[in-house]
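*Asks:* Structure below; questions to follow.
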Amino acid sequence: MEKKSCISHLYILAGGRSRRFGSDKALAETDGVPMLRSIMNGLGSIDQHITLVTGETKRYQEFSVRVITDKPSGVGPIGGLNAALSDRKAHCGEGWLMLVACDLIKPHRDWTTPLITQIRSTTAPAIAYRGDQWEPMLALYHTRLLPTIDQMLQRQQCAMHRLLEQVGAQAVELPDGQTSIPQANTPAEFMAARKLGIA
């Protein structure tokens, strides 16, 4: 059973092409630190296995962490989640993992605790924040989801929010004062976060 304050497997999605951002957003710097490193520092822990899920294994070698590739590639985040769950099951058996996007802006462990505390009381195979919409890019997923994801991929249904709806994910209220989990999908979002002192 996972600890209340930590989850032992953290997978970071860094396989996108950053078309809207214009450059590799995982390497965009906040306070002189690449966003990818900021996520590893902010959400990772000493006793946690951190794995990057990318489009190809030679990316981000300078971060000295394990890298796996999307499964399949070219279908967006659901391909990264499928790879992460398959990897977790193959190496450690059934269980939970935390999935996060590489463009979260200055995340910290306080964001993860409300999700993790739901593990012992839920029967759902996914736990995610939900405000006006689902926040699938900082969420907990169980390996029980693999058959459902396989069916969705066969039907070319790739939307993460559809997955959460279909499996009856456990919804968690957003942290106080937040209307969403801040991400930088575009340069404008990144600059806005900087002006607010977030990034």
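Residue names in the structure tokens use chain letters A, B, ... in the order shown, residue numbers from 1 in each chain, and ligand numbers from 1 in the order shown.
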As number ranges by chain, list the residues of chain A assigned to strand (DSSP E) by DSSP on the backbone atoms of this structure.

*Replies:* A: 9-13, 29-30, 33-34, 49-54, 66-69, 96-101, 126-130, 134-142, 170-172

*Asks:* Which residue, A:Ala139, A:Leu146, A:Ala124, A:Ala84, has the smallest gap to A:Ile181 when you use only C-alpha atoms?

*Replies:* A:Ala139

*Asks:* Mind checking which residues fall within 12 Å of A:Asp70, counting only C-alpha atoms, ignoring those fewer than 5 positions away in the same chain, and posting them as a PyMOL selection string?

*Replies:* chain A and resi 11-16+51-57+75-87

*Asks:* Given only C-alpha atoms as the basis, pick out the residue of A:Asn41, A:Gln157, A:Gln48, A:Gln183 nearest to A:Ala101.

*Replies:*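 Looking only at the distances to A:Ala101, the closest residue turns out to be A:Gln183.
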
*Asks:* Find the residue from A:Leu115, A:Cys102, A:Ile7, A:Ile68 that sits nearest to A:Leu36; use only C-alpha atoms when measuring.

*Replies:*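 Answer, going by the shortest atom-to-atom distance: A:Cys102.
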
*Asks:* Rank A:Arg162, A:Arg59, A:His142, A:Arg37 by their smallest atom-to-atom distance to A:Thr122, using only C-alpha atoms, and report the top residue only.

*Replies:*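 Looking only at the distances to A:Thr122, the closest residue turns out to be A:His142.
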
*Asks:* Do you know which residues are at most 6 Å from A:Leu43 counting only C-alpha atoms, after dropping those on the same chain fewer than 2 positions away, and could you put them as a list of chain:residue names?

*Replies:*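 Using only C-alpha atoms, the neighbours found are A:Ile39, A:Met40, A:Asn41, A:His108, A:Arg109.
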
*Asks:* Would you output that residue set with N, CA, C and O atoms, as a PDB file, in the first residue's frame?

*Replies:*
ATOM      1  N   ILE A  39      10.145  20.431 -11.774  1.00  0.00           N
ATOM      2  CA  ILE A  39       9.158  19.409 -11.435  1.00  0.00           C
ATOM      3  C   ILE A  39       9.807  18.287 -10.641  1.00  0.00           C
ATOM      4  O   ILE A  39       9.275  17.822  -9.629  1.00  0.00           O
ATOM      5  N   MET A  40      10.976  17.855 -11.082  1.00  0.00           N
ATOM      6  CA  MET A  40      11.678  16.787 -10.373  1.00  0.00           C
ATOM      7  C   MET A  40      12.010  17.205  -8.946  1.00  0.00           C
ATOM      8  O   MET A  40      11.873  16.423  -7.993  1.00  0.00           O
ATOM      9  N   ASN A  41      12.422  18.460  -8.797  1.00  0.00           N
ATOM     10  CA  ASN A  41      12.755  18.959  -7.460  1.00  0.00           C
ATOM     11  C   ASN A  41      11.510  19.176  -6.607  1.00  0.00           C
ATOM     12  O   ASN A  41      11.517  18.944  -5.396  1.00  0.00           O
ATOM     13  N   HIS A 108       4.663  21.866  -6.300  1.00  0.00           N
ATOM     14  CA  HIS A 108       5.244  21.500  -5.010  1.00  0.00           C
ATOM     15  C   HIS A 108       4.425  20.372  -4.400  1.00  0.00           C
ATOM     16  O   HIS A 108       3.298  20.085  -4.827  1.00  0.00           O
ATOM     17  N   ARG A 109       4.981  19.726  -3.410  1.00  0.00           N
ATOM     18  CA  ARG A 109       4.373  18.507  -2.862  1.00  0.00           C
ATOM     19  C   ARG A 109       3.005  18.746  -2.237  1.00  0.00           C
ATOM     20  O   ARG A 109       2.217  17.819  -2.113  1.00  0.00           O
TER      21      ARG A 109
END

*Asks:* Between A:Ala169, A:Val33, A:Met152, A:Ala90, which has the minimum distance to A:Pro136 (counting only C-alpha atoms)?

*Replies:* A:Ala169

*Asks:* For a quick check of understanding, using only C-alpha atoms, which of A:Ser8, A:Ser45, A:Thr113, A:Ser38 has the smallest distance to A:Leu97?

*Replies:*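 Answer, going by the shortest atom-to-atom distance: A:Ser8.
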
*Asks:* Calculate how many Å separate atom CA of A:Ile50 from atom CA of A:Arg66, rounding to one decimal.

*Replies:* 7.0 Å

*Asks:* What is the atom CA of A:Thr143-atom CA of A:Trp96 distance in Å, reported with one decimal?

*Replies:*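 Straight-line distance from atom CA of A:Thr143 to atom CA of A:Trp96 works out to 6.5 Å.
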